[in-house]
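Down below is the structure, laid out as structure tokens.
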Amino acid sequence: MKETEKITSKHRILIIGASGFLGGAIYKELCAYFKTYGTYNISNKVLEKNNHFFQYNIEEDDVYEILDIVKPTIIISTLRGDFSKQVLLHQHLTEYVFSHKIKIIFLSSANVFDAYIKYPSYEQDKTYSNSIYGHFKIKIENMLLRLPKKQVAILRLPMVFGTQSPRLQEIIQFIKAKEPIEVFPNLIINVTTDSKVTQQIHYIINRNKHGIFHLGSNDLVHHEDFVKEVIATLESKNTPIYKRVYTTNDDRYLAVLPKFNKLPKHLQINSEDILADLKI
């Protein structure tokens with residue numbers, strides 16, 4: 001048996017939300033190594049022809065039908081959309097994961113800590129949020145954390161940049177339209193890229209890792225400074241306009257740092273690496 005075949009037969013992976021920015025990047029990273037399937041929401045001619053993709057509308061469709069066809073050994077949840085519908089979907093996924101003794105990888109967010117503003121957050125810190133988005137992510141995290149430990153990986157992500165990232169595309173549009181770009185001078189964050197996140201997920205699958213992972217850069221940056229550095233890499237002809245937003249008078253943190261569940265050196269990232277990536 002060839003090495004690639006050996007890897008391919010190891011897992012059947014279903015990415016819920018594979019047509020989104022991160023879901024699509026994860027699909028591209030994994031599809032050469034595993035039997036990888038994905039869901040998409042809006043009708044798409046290319047995906048309709050791809051037998052590995054299933055149209056799934058969270059408002060109308062039953063996820064069990066797709067689960068029965070794919071019979072995944074790993075589910076990766078990267079879905080966006082209506083929060084209450086997502087909570088219901090994840091209740092169904094949790095039941096399926098538990099009864100079939102498979103694994104779920106859930107993409108969460110630094111926002112599960114957005115009520116703690118005085119310091120960065122580590123994996124074992126208690127979640128606490130003031131935002132609707134943070135509350136919703138916490139609700140799903142808590143649901144998954146009731147599953148047997150080895151069946152769950154929760155990946156908390158900071159702001160994700162990348163050449164195709166919605167965040168960067170929006171900045172480019174604002175510059176073209178001469179509209180102001182919001183920056184938060186007092187906000188201290190960490191950051192990552194889609195390519196690093198997909199490598200990290202690949203490693204977590206290969207090494208059968210579980211638990212809570214904080215996938216932010218090792219260093220912290222001020223939101224305003226970092227956005228300006230990102231814009232400098234674009235070498236745009238138009239001069240950007242900034243709108244400085246102060247939510248507090250003091251520095252506030254929204255950063256997820258790894259302490260207990262660290263990945264190997266080659267899978268860690270610094271903010272400079274991201275800027276270098278964007279320049280290419």
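Following the order of the structure tokens, chains are lettered A, B, ..., residues in each are numbered from 1, and ligands are numbered from 1.
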
Using DSSP secondary structure from the backbone, list all helix (DSSP H, G or I) positions within stretch 86-266 of chain A, as a PDB file with N, CA, C and O atoms, in the first residue's frame.
```
ATOM      1  N   GLN A  86     -27.579  27.555  14.702  1.00  0.00           N
ATOM      2  CA  GLN A  86     -26.278  26.894  14.873  1.00  0.00           C
ATOM      3  C   GLN A  86     -26.213  26.112  16.182  1.00  0.00           C
ATOM      4  O   GLN A  86     -25.641  25.036  16.235  1.00  0.00           O
ATOM      5  N   VAL A  87     -26.817  26.683  17.232  1.00  0.00           N
ATOM      6  CA  VAL A  87     -26.827  25.983  18.532  1.00  0.00           C
ATOM      7  C   VAL A  87     -27.574  24.656  18.383  1.00  0.00           C
ATOM      8  O   VAL A  87     -27.107  23.601  18.834  1.00  0.00           O
ATOM      9  N   LEU A  88     -28.714  24.696  17.704  1.00  0.00           N
ATOM     10  CA  LEU A  88     -29.502  23.477  17.474  1.00  0.00           C
ATOM     11  C   LEU A  88     -28.706  22.464  16.645  1.00  0.00           C
ATOM     12  O   LEU A  88     -28.667  21.271  16.967  1.00  0.00           O
ATOM     13  N   LEU A  89     -28.059  22.954  15.583  1.00  0.00           N
ATOM     14  CA  LEU A  89     -27.234  22.069  14.750  1.00  0.00           C
ATOM     15  C   LEU A  89     -26.160  21.388  15.602  1.00  0.00           C
ATOM     16  O   LEU A  89     -25.949  20.175  15.494  1.00  0.00           O
ATOM     17  N   HIS A  90     -25.504  22.153  16.456  1.00  0.00           N
ATOM     18  CA  HIS A  90     -24.416  21.578  17.263  1.00  0.00           C
ATOM     19  C   HIS A  90     -24.942  20.613  18.335  1.00  0.00           C
ATOM     20  O   HIS A  90     -24.223  19.707  18.739  1.00  0.00           O
ATOM     21  N   GLN A  91     -26.197  20.790  18.742  1.00  0.00           N
ATOM     22  CA  GLN A  91     -26.798  19.771  19.636  1.00  0.00           C
ATOM     23  C   GLN A  91     -26.893  18.445  18.875  1.00  0.00           C
ATOM     24  O   GLN A  91     -26.548  17.386  19.402  1.00  0.00           O
ATOM     25  N   HIS A  92     -27.340  18.524  17.617  1.00  0.00           N
ATOM     26  CA  HIS A  92     -27.443  17.310  16.791  1.00  0.00           C
ATOM     27  C   HIS A  92     -26.064  16.699  16.541  1.00  0.00           C
ATOM     28  O   HIS A  92     -25.895  15.485  16.609  1.00  0.00           O
ATOM     29  N   LEU A  93     -25.092  17.559  16.247  1.00  0.00           N
ATOM     30  CA  LEU A  93     -23.734  17.054  15.984  1.00  0.00           C
ATOM     31  C   LEU A  93     -23.153  16.398  17.239  1.00  0.00           C
ATOM     32  O   LEU A  93     -22.511  15.354  17.161  1.00  0.00           O
ATOM     33  N   THR A  94     -23.418  17.022  18.400  1.00  0.00           N
ATOM     34  CA  THR A  94     -22.902  16.472  19.665  1.00  0.00           C
ATOM     35  C   THR A  94     -23.473  15.071  19.908  1.00  0.00           C
ATOM     36  O   THR A  94     -22.739  14.148  20.284  1.00  0.00           O
ATOM     37  N   GLU A  95     -24.773  14.927  19.677  1.00  0.00           N
ATOM     38  CA  GLU A  95     -25.405  13.596  19.853  1.00  0.00           C
ATOM     39  C   GLU A  95     -24.779  12.574  18.900  1.00  0.00           C
ATOM     40  O   GLU A  95     -24.501  11.437  19.286  1.00  0.00           O
ATOM     41  N   TYR A  96     -24.568  13.002  17.654  1.00  0.00           N
ATOM     42  CA  TYR A  96     -24.003  12.090  16.641  1.00  0.00           C
ATOM     43  C   TYR A  96     -22.570  11.690  17.015  1.00  0.00           C
ATOM     44  O   TYR A  96     -22.202  10.514  16.957  1.00  0.00           O
ATOM     45  N   VAL A  97     -21.777  12.674  17.426  1.00  0.00           N
ATOM     46  CA  VAL A  97     -20.374  12.425  17.801  1.00  0.00           C
ATOM     47  C   VAL A  97     -20.318  11.442  18.973  1.00  0.00           C
ATOM     48  O   VAL A  97     -19.528  10.496  18.979  1.00  0.00           O
ATOM     49  N   PHE A  98     -21.191  11.666  19.956  1.00  0.00           N
ATOM     50  CA  PHE A  98     -21.207  10.806  21.143  1.00  0.00           C
ATOM     51  C   PHE A  98     -21.623   9.371  20.777  1.00  0.00           C
ATOM     52  O   PHE A  98     -20.948   8.406  21.133  1.00  0.00           O
ATOM     53  N   SER A  99     -22.724   9.247  20.021  1.00  0.00           N
ATOM     54  CA  SER A  99     -23.251   7.893  19.754  1.00  0.00           C
ATOM     55  C   SER A  99     -22.373   7.108  18.765  1.00  0.00           C
ATOM     56  O   SER A  99     -22.314   5.903  18.822  1.00  0.00           O
ATOM     57  N   HIS A 100     -21.659   7.818  17.873  1.00  0.00           N
ATOM     58  CA  HIS A 100     -20.818   7.113  16.886  1.00  0.00           C
ATOM     59  C   HIS A 100     -19.339   7.063  17.302  1.00  0.00           C
ATOM     60  O   HIS A 100     -18.504   6.574  16.544  1.00  0.00           O
ATOM     61  N   ALA A 110     -11.671  34.131  19.874  1.00  0.00           N
ATOM     62  CA  ALA A 110     -11.149  34.881  21.027  1.00  0.00           C
ATOM     63  C   ALA A 110     -12.278  35.608  21.756  1.00  0.00           C
ATOM     64  O   ALA A 110     -12.149  35.954  22.929  1.00  0.00           O
ATOM     65  N   ASN A 111     -13.414  35.820  21.060  1.00  0.00           N
ATOM     66  CA  ASN A 111     -14.537  36.547  21.679  1.00  0.00           C
ATOM     67  C   ASN A 111     -15.157  35.829  22.867  1.00  0.00           C
ATOM     68  O   ASN A 111     -15.943  36.439  23.596  1.00  0.00           O
ATOM     69  N   VAL A 112     -14.826  34.562  23.081  1.00  0.00           N
ATOM     70  CA  VAL A 112     -15.349  33.895  24.292  1.00  0.00           C
ATOM     71  C   VAL A 112     -14.739  34.521  25.549  1.00  0.00           C
ATOM     72  O   VAL A 112     -15.162  34.243  26.664  1.00  0.00           O
ATOM     73  N   PHE A 113     -13.741  35.386  25.364  1.00  0.00           N
ATOM     74  CA  PHE A 113     -13.109  36.081  26.496  1.00  0.00           C
ATOM     75  C   PHE A 113     -13.296  37.593  26.418  1.00  0.00           C
ATOM     76  O   PHE A 113     -12.581  38.331  27.086  1.00  0.00           O
ATOM     77  N   ILE A 132     -22.922  39.160  21.979  1.00  0.00           N
ATOM     78  CA  ILE A 132     -23.839  38.084  21.558  1.00  0.00           C
ATOM     79  C   ILE A 132     -23.036  36.975  20.874  1.00  0.00           C
ATOM     80  O   ILE A 132     -23.264  35.788  21.105  1.00  0.00           O
ATOM     81  N   TYR A 133     -22.073  37.385  20.048  1.00  0.00           N
ATOM     82  CA  TYR A 133     -21.239  36.411  19.326  1.00  0.00           C
ATOM     83  C   TYR A 133     -20.425  35.546  20.297  1.00  0.00           C
ATOM     84  O   TYR A 133     -20.380  34.322  20.184  1.00  0.00           O
ATOM     85  N   GLY A 134     -19.828  36.195  21.289  1.00  0.00           N
ATOM     86  CA  GLY A 134     -19.045  35.459  22.290  1.00  0.00           C
ATOM     87  C   GLY A 134     -19.907  34.500  23.087  1.00  0.00           C
ATOM     88  O   GLY A 134     -19.532  33.347  23.322  1.00  0.00           O
ATOM     89  N   HIS A 135     -21.097  34.959  23.486  1.00  0.00           N
ATOM     90  CA  HIS A 135     -22.044  34.116  24.235  1.00  0.00           C
ATOM     91  C   HIS A 135     -22.394  32.854  23.462  1.00  0.00           C
ATOM     92  O   HIS A 135     -22.473  31.759  24.010  1.00  0.00           O
ATOM     93  N   PHE A 136     -22.640  33.046  22.170  1.00  0.00           N
ATOM     94  CA  PHE A 136     -23.054  31.942  21.309  1.00  0.00           C
ATOM     95  C   PHE A 136     -21.928  30.905  21.183  1.00  0.00           C
ATOM     96  O   PHE A 136     -22.153  29.698  21.275  1.00  0.00           O
ATOM     97  N   LYS A 137     -20.691  31.384  21.016  1.00  0.00           N
ATOM     98  CA  LYS A 137     -19.542  30.464  20.922  1.00  0.00           C
ATOM     99  C   LYS A 137     -19.347  29.706  22.247  1.00  0.00           C
ATOM    100  O   LYS A 137     -19.059  28.516  22.258  1.00  0.00           O
ATOM    101  N   ILE A 138     -19.542  30.418  23.370  1.00  0.00           N
ATOM    102  CA  ILE A 138     -19.402  29.767  24.691  1.00  0.00           C
ATOM    103  C   ILE A 138     -20.443  28.660  24.844  1.00  0.00           C
ATOM    104  O   ILE A 138     -20.152  27.571  25.346  1.00  0.00           O
ATOM    105  N   LYS A 139     -21.669  28.936  24.397  1.00  0.00           N
ATOM    106  CA  LYS A 139     -22.757  27.963  24.518  1.00  0.00           C
ATOM    107  C   LYS A 139     -22.389  26.655  23.801  1.00  0.00           C
ATOM    108  O   LYS A 139     -22.579  25.555  24.338  1.00  0.00           O
ATOM    109  N   ILE A 140     -21.842  26.788  22.594  1.00  0.00           N
ATOM    110  CA  ILE A 140     -21.460  25.590  21.833  1.00  0.00           C
ATOM    111  C   ILE A 140     -20.243  24.914  22.472  1.00  0.00           C
ATOM    112  O   ILE A 140     -20.206  23.694  22.606  1.00  0.00           O
ATOM    113  N   GLU A 141     -19.279  25.714  22.899  1.00  0.00           N
ATOM    114  CA  GLU A 141     -18.100  25.136  23.583  1.00  0.00           C
ATOM    115  C   GLU A 141     -18.541  24.290  24.781  1.00  0.00           C
ATOM    116  O   GLU A 141     -18.082  23.164  24.965  1.00  0.00           O
ATOM    117  N   ASN A 142     -19.416  24.847  25.615  1.00  0.00           N
ATOM    118  CA  ASN A 142     -19.850  24.136  26.826  1.00  0.00           C
ATOM    119  C   ASN A 142     -20.558  22.829  26.494  1.00  0.00           C
ATOM    120  O   ASN A 142     -20.405  21.822  27.192  1.00  0.00           O
ATOM    121  N   MET A 143     -21.329  22.868  25.414  1.00  0.00           N
ATOM    122  CA  MET A 143     -22.026  21.662  24.947  1.00  0.00           C
ATOM    123  C   MET A 143     -21.005  20.575  24.554  1.00  0.00           C
ATOM    124  O   MET A 143     -21.122  19.410  24.942  1.00  0.00           O
ATOM    125  N   LEU A 144     -19.996  20.981  23.822  1.00  0.00           N
ATOM    126  CA  LEU A 144     -18.988  20.022  23.338  1.00  0.00           C
ATOM    127  C   LEU A 144     -18.097  19.511  24.478  1.00  0.00           C
ATOM    128  O   LEU A 144     -17.648  18.375  24.458  1.00  0.00           O
ATOM    129  N   LYS A 149     -13.475  13.563  26.620  1.00  0.00           N
ATOM    130  CA  LYS A 149     -12.363  14.474  26.282  1.00  0.00           C
ATOM    131  C   LYS A 149     -11.731  14.202  24.917  1.00  0.00           C
ATOM    132  O   LYS A 149     -11.438  15.104  24.157  1.00  0.00           O
ATOM    133  N   LYS A 150     -11.484  12.928  24.623  1.00  0.00           N
ATOM    134  CA  LYS A 150     -10.715  12.614  23.411  1.00  0.00           C
ATOM    135  C   LYS A 150     -11.503  12.822  22.124  1.00  0.00           C
ATOM    136  O   LYS A 150     -10.967  12.720  21.032  1.00  0.00           O
ATOM    137  N   GLN A 151     -12.787  13.142  22.262  1.00  0.00           N
ATOM    138  CA  GLN A 151     -13.628  13.303  21.073  1.00  0.00           C
ATOM    139  C   GLN A 151     -13.784  14.758  20.641  1.00  0.00           C
ATOM    140  O   GLN A 151     -14.486  15.049  19.681  1.00  0.00           O
ATOM    141  N   PRO A 166     -11.770  37.695   4.257  1.00  0.00           N
ATOM    142  CA  PRO A 166     -12.799  38.743   4.200  1.00  0.00           C
ATOM    143  C   PRO A 166     -12.307  40.044   4.821  1.00  0.00           C
ATOM    144  O   PRO A 166     -12.602  41.130   4.336  1.00  0.00           O
ATOM    145  N   ARG A 167     -11.519  39.912   5.900  1.00  0.00           N
ATOM    146  CA  ARG A 167     -11.025  41.110   6.591  1.00  0.00           C
ATOM    147  C   ARG A 167     -10.144  41.952   5.665  1.00  0.00           C
ATOM    148  O   ARG A 167     -10.277  43.170   5.585  1.00  0.00           O
ATOM    149  N   LEU A 168      -9.241  41.300   4.937  1.00  0.00           N
ATOM    150  CA  LEU A 168      -8.350  42.035   4.026  1.00  0.00           C
ATOM    151  C   LEU A 168      -9.110  42.555   2.804  1.00  0.00           C
ATOM    152  O   LEU A 168      -8.894  43.684   2.365  1.00  0.00           O
ATOM    153  N   GLN A 169     -10.018  41.727   2.284  1.00  0.00           N
ATOM    154  CA  GLN A 169     -10.814  42.159   1.117  1.00  0.00           C
ATOM    155  C   GLN A 169     -11.628  43.411   1.445  1.00  0.00           C
ATOM    156  O   GLN A 169     -11.769  44.316   0.628  1.00  0.00           O
ATOM    157  N   GLU A 170     -12.158  43.440   2.676  1.00  0.00           N
ATOM    158  CA  GLU A 170     -12.949  44.596   3.112  1.00  0.00           C
ATOM    159  C   GLU A 170     -12.073  45.858   3.181  1.00  0.00           C
ATOM    160  O   GLU A 170     -12.479  46.933   2.735  1.00  0.00           O
ATOM    161  N   ILE A 171     -10.873  45.694   3.728  1.00  0.00           N
ATOM    162  CA  ILE A 171      -9.934  46.825   3.803  1.00  0.00           C
ATOM    163  C   ILE A 171      -9.636  47.354   2.398  1.00  0.00           C
ATOM    164  O   ILE A 171      -9.656  48.556   2.149  1.00  0.00           O
ATOM    165  N   ILE A 172      -9.379  46.447   1.448  1.00  0.00           N
ATOM    166  CA  ILE A 172      -9.073  46.836   0.062  1.00  0.00           C
ATOM    167  C   ILE A 172     -10.255  47.618  -0.533  1.00  0.00           C
ATOM    168  O   ILE A 172     -10.071  48.653  -1.177  1.00  0.00           O
ATOM    169  N   GLN A 173     -11.487  47.114  -0.288  1.00  0.00           N
ATOM    170  CA  GLN A 173     -12.693  47.802  -0.799  1.00  0.00           C
ATOM    171  C   GLN A 173     -12.816  49.205  -0.220  1.00  0.00           C
ATOM    172  O   GLN A 173     -13.126  50.156  -0.925  1.00  0.00           O
ATOM    173  N   PHE A 174     -12.579  49.317   1.104  1.00  0.00           N
ATOM    174  CA  PHE A 174     -12.689  50.627   1.763  1.00  0.00           C
ATOM    175  C   PHE A 174     -11.685  51.621   1.183  1.00  0.00           C
ATOM    176  O   PHE A 174     -12.002  52.787   0.980  1.00  0.00           O
ATOM    177  N   ILE A 175     -10.465  51.154   0.934  1.00  0.00           N
ATOM    178  CA  ILE A 175      -9.436  52.054   0.374  1.00  0.00           C
ATOM    179  C   ILE A 175      -9.859  52.521  -1.017  1.00  0.00           C
ATOM    180  O   ILE A 175      -9.780  53.708  -1.339  1.00  0.00           O
ATOM    181  N   LYS A 176     -10.329  51.568  -1.834  1.00  0.00           N
ATOM    182  CA  LYS A 176     -10.775  51.911  -3.207  1.00  0.00           C
ATOM    183  C   LYS A 176     -11.924  52.919  -3.165  1.00  0.00           C
ATOM    184  O   LYS A 176     -11.991  53.853  -3.952  1.00  0.00           O
ATOM    185  N   ASP A 194      -4.984  32.114   7.496  1.00  0.00           N
ATOM    186  CA  ASP A 194      -5.717  30.896   7.133  1.00  0.00           C
ATOM    187  C   ASP A 194      -4.754  29.746   6.874  1.00  0.00           C
ATOM    188  O   ASP A 194      -5.015  28.606   7.259  1.00  0.00           O
ATOM    189  N   SER A 195      -3.594  30.029   6.240  1.00  0.00           N
ATOM    190  CA  SER A 195      -2.670  28.931   5.898  1.00  0.00           C
ATOM    191  C   SER A 195      -2.083  28.292   7.161  1.00  0.00           C
ATOM    192  O   SER A 195      -1.910  27.075   7.237  1.00  0.00           O
ATOM    193  N   LYS A 196      -1.812  29.108   8.183  1.00  0.00           N
ATOM    194  CA  LYS A 196      -1.270  28.543   9.428  1.00  0.00           C
ATOM    195  C   LYS A 196      -2.345  27.724  10.158  1.00  0.00           C
ATOM    196  O   LYS A 196      -2.071  26.629  10.648  1.00  0.00           O
ATOM    197  N   VAL A 197      -3.573  28.242  10.193  1.00  0.00           N
ATOM    198  CA  VAL A 197      -4.665  27.516  10.859  1.00  0.00           C
ATOM    199  C   VAL A 197      -4.882  26.151  10.203  1.00  0.00           C
ATOM    200  O   VAL A 197      -5.059  25.140  10.889  1.00  0.00           O
ATOM    201  N   THR A 198      -4.836  26.095   8.867  1.00  0.00           N
ATOM    202  CA  THR A 198      -5.086  24.815   8.187  1.00  0.00           C
ATOM    203  C   THR A 198      -3.958  23.819   8.471  1.00  0.00           C
ATOM    204  O   THR A 198      -4.212  22.638   8.663  1.00  0.00           O
ATOM    205  N   GLN A 199      -2.705  24.313   8.545  1.00  0.00           N
ATOM    206  CA  GLN A 199      -1.586  23.413   8.898  1.00  0.00           C
ATOM    207  C   GLN A 199      -1.759  22.883  10.324  1.00  0.00           C
ATOM    208  O   GLN A 199      -1.492  21.710  10.601  1.00  0.00           O
ATOM    209  N   GLN A 200      -2.193  23.766  11.215  1.00  0.00           N
ATOM    210  CA  GLN A 200      -2.376  23.369  12.616  1.00  0.00           C
ATOM    211  C   GLN A 200      -3.469  22.301  12.737  1.00  0.00           C
ATOM    212  O   GLN A 200      -3.331  21.332  13.485  1.00  0.00           O
ATOM    213  N   ILE A 201      -4.560  22.481  11.973  1.00  0.00           N
ATOM    214  CA  ILE A 201      -5.653  21.504  11.998  1.00  0.00           C
ATOM    215  C   ILE A 201      -5.164  20.158  11.453  1.00  0.00           C
ATOM    216  O   ILE A 201      -5.472  19.103  12.014  1.00  0.00           O
ATOM    217  N   HIS A 202      -4.392  20.206  10.381  1.00  0.00           N
ATOM    218  CA  HIS A 202      -3.839  18.977   9.786  1.00  0.00           C
ATOM    219  C   HIS A 202      -3.005  18.217  10.829  1.00  0.00           C
ATOM    220  O   HIS A 202      -3.135  16.993  10.984  1.00  0.00           O
ATOM    221  N   TYR A 203      -2.194  18.950  11.569  1.00  0.00           N
ATOM    222  CA  TYR A 203      -1.355  18.350  12.614  1.00  0.00           C
ATOM    223  C   TYR A 203      -2.218  17.736  13.724  1.00  0.00           C
ATOM    224  O   TYR A 203      -1.980  16.617  14.181  1.00  0.00           O
ATOM    225  N   ILE A 204      -3.253  18.491  14.153  1.00  0.00           N
ATOM    226  CA  ILE A 204      -4.147  18.011  15.227  1.00  0.00           C
ATOM    227  C   ILE A 204      -4.818  16.697  14.806  1.00  0.00           C
ATOM    228  O   ILE A 204      -4.965  15.773  15.608  1.00  0.00           O
ATOM    229  N   ILE A 205      -5.203  16.609  13.527  1.00  0.00           N
ATOM    230  CA  ILE A 205      -5.828  15.369  13.018  1.00  0.00           C
ATOM    231  C   ILE A 205      -4.800  14.241  12.974  1.00  0.00           C
ATOM    232  O   ILE A 205      -5.041  13.145  13.485  1.00  0.00           O
ATOM    233  N   ASN A 206      -3.650  14.515  12.375  1.00  0.00           N
ATOM    234  CA  ASN A 206      -2.623  13.473  12.225  1.00  0.00           C
ATOM    235  C   ASN A 206      -2.171  12.908  13.563  1.00  0.00           C
ATOM    236  O   ASN A 206      -1.939  11.706  13.693  1.00  0.00           O
ATOM    237  N   HIS A 223      -4.129  46.826  17.577  1.00  0.00           N
ATOM    238  CA  HIS A 223      -4.972  46.693  16.378  1.00  0.00           C
ATOM    239  C   HIS A 223      -4.642  47.781  15.348  1.00  0.00           C
ATOM    240  O   HIS A 223      -4.449  47.493  14.168  1.00  0.00           O
ATOM    241  N   GLU A 224      -4.562  49.022  15.796  1.00  0.00           N
ATOM    242  CA  GLU A 224      -4.307  50.128  14.858  1.00  0.00           C
ATOM    243  C   GLU A 224      -2.965  49.944  14.140  1.00  0.00           C
ATOM    244  O   GLU A 224      -2.877  50.059  12.917  1.00  0.00           O
ATOM    245  N   ASP A 225      -1.915  49.626  14.904  1.00  0.00           N
ATOM    246  CA  ASP A 225      -0.573  49.474  14.312  1.00  0.00           C
ATOM    247  C   ASP A 225      -0.564  48.343  13.301  1.00  0.00           C
ATOM    248  O   ASP A 225       0.001  48.476  12.207  1.00  0.00           O
ATOM    249  N   PHE A 226      -1.193  47.229  13.667  1.00  0.00           N
ATOM    250  CA  PHE A 226      -1.147  46.065  12.788  1.00  0.00           C
ATOM    251  C   PHE A 226      -1.921  46.314  11.485  1.00  0.00           C
ATOM    252  O   PHE A 226      -1.439  45.996  10.402  1.00  0.00           O
ATOM    253  N   VAL A 227      -3.099  46.921  11.602  1.00  0.00           N
ATOM    254  CA  VAL A 227      -3.887  47.217  10.394  1.00  0.00           C
ATOM    255  C   VAL A 227      -3.100  48.149   9.475  1.00  0.00           C
ATOM    256  O   VAL A 227      -3.057  47.957   8.257  1.00  0.00           O
ATOM    257  N   LYS A 228      -2.419  49.125  10.049  1.00  0.00           N
ATOM    258  CA  LYS A 228      -1.613  50.049   9.225  1.00  0.00           C
ATOM    259  C   LYS A 228      -0.459  49.310   8.544  1.00  0.00           C
ATOM    260  O   LYS A 228      -0.132  49.579   7.389  1.00  0.00           O
ATOM    261  N   GLU A 229       0.143  48.363   9.258  1.00  0.00           N
ATOM    262  CA  GLU A 229       1.235  47.571   8.659  1.00  0.00           C
ATOM    263  C   GLU A 229       0.702  46.675   7.540  1.00  0.00           C
ATOM    264  O   GLU A 229       1.352  46.490   6.517  1.00  0.00           O
ATOM    265  N   VAL A 230      -0.486  46.117   7.758  1.00  0.00           N
ATOM    266  CA  VAL A 230      -1.115  45.286   6.713  1.00  0.00           C
ATOM    267  C   VAL A 230      -1.362  46.143   5.470  1.00  0.00           C
ATOM    268  O   VAL A 230      -1.064  45.732   4.340  1.00  0.00           O
ATOM    269  N   ILE A 231      -1.891  47.340   5.678  1.00  0.00           N
ATOM    270  CA  ILE A 231      -2.198  48.227   4.551  1.00  0.00           C
ATOM    271  C   ILE A 231      -0.921  48.635   3.812  1.00  0.00           C
ATOM    272  O   ILE A 231      -0.913  48.741   2.582  1.00  0.00           O
ATOM    273  N   ALA A 232       0.164  48.792   4.554  1.00  0.00           N
ATOM    274  CA  ALA A 232       1.444  49.136   3.911  1.00  0.00           C
ATOM    275  C   ALA A 232       1.891  48.038   2.940  1.00  0.00           C
ATOM    276  O   ALA A 232       2.509  48.314   1.912  1.00  0.00           O
ATOM    277  N   THR A 233       1.546  46.775   3.243  1.00  0.00           N
ATOM    278  CA  THR A 233       1.934  45.673   2.344  1.00  0.00           C
ATOM    279  C   THR A 233       1.158  45.726   1.025  1.00  0.00           C
ATOM    280  O   THR A 233       1.567  45.131   0.037  1.00  0.00           O
ATOM    281  N   LEU A 234       0.014  46.415   1.020  1.00  0.00           N
ATOM    282  CA  LEU A 234      -0.835  46.448  -0.188  1.00  0.00           C
ATOM    283  C   LEU A 234      -0.293  47.403  -1.254  1.00  0.00           C
ATOM    284  O   LEU A 234      -0.643  47.284  -2.431  1.00  0.00           O
ATOM    285  N   LYS A 265       7.159  24.153  17.231  1.00  0.00           N
ATOM    286  CA  LYS A 265       7.687  25.452  16.769  1.00  0.00           C
ATOM    287  C   LYS A 265       7.257  25.791  15.339  1.00  0.00           C
ATOM    288  O   LYS A 265       6.839  26.911  15.054  1.00  0.00           O
ATOM    289  N   HIS A 266       7.357  24.831  14.413  1.00  0.00           N
ATOM    290  CA  HIS A 266       7.076  25.152  12.997  1.00  0.00           C
ATOM    291  C   HIS A 266       5.598  25.487  12.759  1.00  0.00           C
ATOM    292  O   HIS A 266       5.238  25.997  11.702  1.00  0.00           O
TER     293      HIS A 266
END
```

Tell me, counting only C-alpha atoms, for each residue of stretch 99-118 of chain A within 10 Å of stretch 70-84 of chain A, which pair of atoms is nearest and how far apart they are in Å to one decimal, in rows ordered by chain and increasing number, as a Markdown table.
```
| residue | atom | partner | partner_atom | distance |
| --- | --- | --- | --- | --- |
| A:His100 | CA | A:Thr73 | CA | 8.5 |
| A:Lys101 | CA | A:Thr73 | CA | 8.3 |
| A:Ile102 | CA | A:Thr73 | CA | 5.1 |
| A:Lys103 | CA | A:Ile74 | CA | 4.8 |
| A:Ile104 | CA | A:Ile75 | CA | 4.7 |
| A:Ile105 | CA | A:Ile76 | CA | 4.7 |
| A:Phe106 | CA | A:Ser77 | CA | 5.0 |
| A:Leu107 | CA | A:Thr78 | CA | 5.7 |
| A:Ser108 | CA | A:Thr78 | CA | 8.5 |
```

Exercise. Near A:Thr248, counting only C-alpha atoms, which residues have an atom at most 10 Å away, once you skip same-chain residues fewer than 4 positions from it, shown as a ChimeraX atom specification?
Worked result: /A:117,184-187,252

Can I get the selected residues back with all heavy atoms, as a compact mmCIF listing (two decimals), in the first residue's frame?
```
# COMPACT_ATOMS: atom_id res chain seq x y z
N ILE A 117 -10.79 42.33 29.85
CA ILE A 117 -10.06 43.26 28.99
C ILE A 117 -8.67 43.59 29.53
O ILE A 117 -7.87 44.20 28.86
CB ILE A 117 -10.86 44.57 28.80
CG1 ILE A 117 -11.16 45.22 30.14
CG2 ILE A 117 -12.15 44.30 28.03
CD1 ILE A 117 -11.78 46.61 30.03
N PHE A 184 -8.80 50.36 16.19
CA PHE A 184 -9.02 50.47 17.64
C PHE A 184 -7.65 50.68 18.32
O PHE A 184 -6.94 49.71 18.57
CB PHE A 184 -9.71 49.20 18.17
CG PHE A 184 -11.06 48.98 17.57
CD1 PHE A 184 -11.21 48.32 16.35
CD2 PHE A 184 -12.21 49.45 18.21
CE1 PHE A 184 -12.47 48.12 15.78
CE2 PHE A 184 -13.47 49.26 17.65
CZ PHE A 184 -13.60 48.60 16.43
N PRO A 185 -7.30 51.94 18.57
CA PRO A 185 -5.95 52.23 19.08
C PRO A 185 -5.64 51.55 20.41
O PRO A 185 -4.49 51.21 20.69
CB PRO A 185 -5.94 53.75 19.24
CG PRO A 185 -7.06 54.23 18.37
CD PRO A 185 -8.08 53.15 18.36
N ASN A 186 -6.64 51.35 21.25
CA ASN A 186 -6.39 50.78 22.59
C ASN A 186 -6.54 49.26 22.64
O ASN A 186 -6.43 48.67 23.71
CB ASN A 186 -7.35 51.39 23.62
CG ASN A 186 -7.05 52.84 23.86
OD1 ASN A 186 -6.00 53.31 23.46
ND2 ASN A 186 -7.96 53.55 24.50
N LEU A 187 -6.82 48.64 21.50
CA LEU A 187 -7.10 47.20 21.51
C LEU A 187 -5.82 46.41 21.22
O LEU A 187 -5.18 46.61 20.17
CB LEU A 187 -8.17 46.88 20.47
CG LEU A 187 -8.55 45.41 20.31
CD1 LEU A 187 -9.14 44.86 21.61
CD2 LEU A 187 -9.56 45.23 19.17
N ARG A 252 -7.05 47.56 26.16
CA ARG A 252 -7.84 46.38 26.48
C ARG A 252 -7.35 45.23 25.60
O ARG A 252 -6.91 45.43 24.47
CB ARG A 252 -9.34 46.62 26.29
CG ARG A 252 -9.79 46.82 24.87
CD ARG A 252 -11.29 47.13 24.81
NE ARG A 252 -11.72 47.36 23.43
CZ ARG A 252 -12.35 46.46 22.68
NH1 ARG A 252 -12.63 45.27 23.17
NH2 ARG A 252 -12.70 46.74 21.45
```
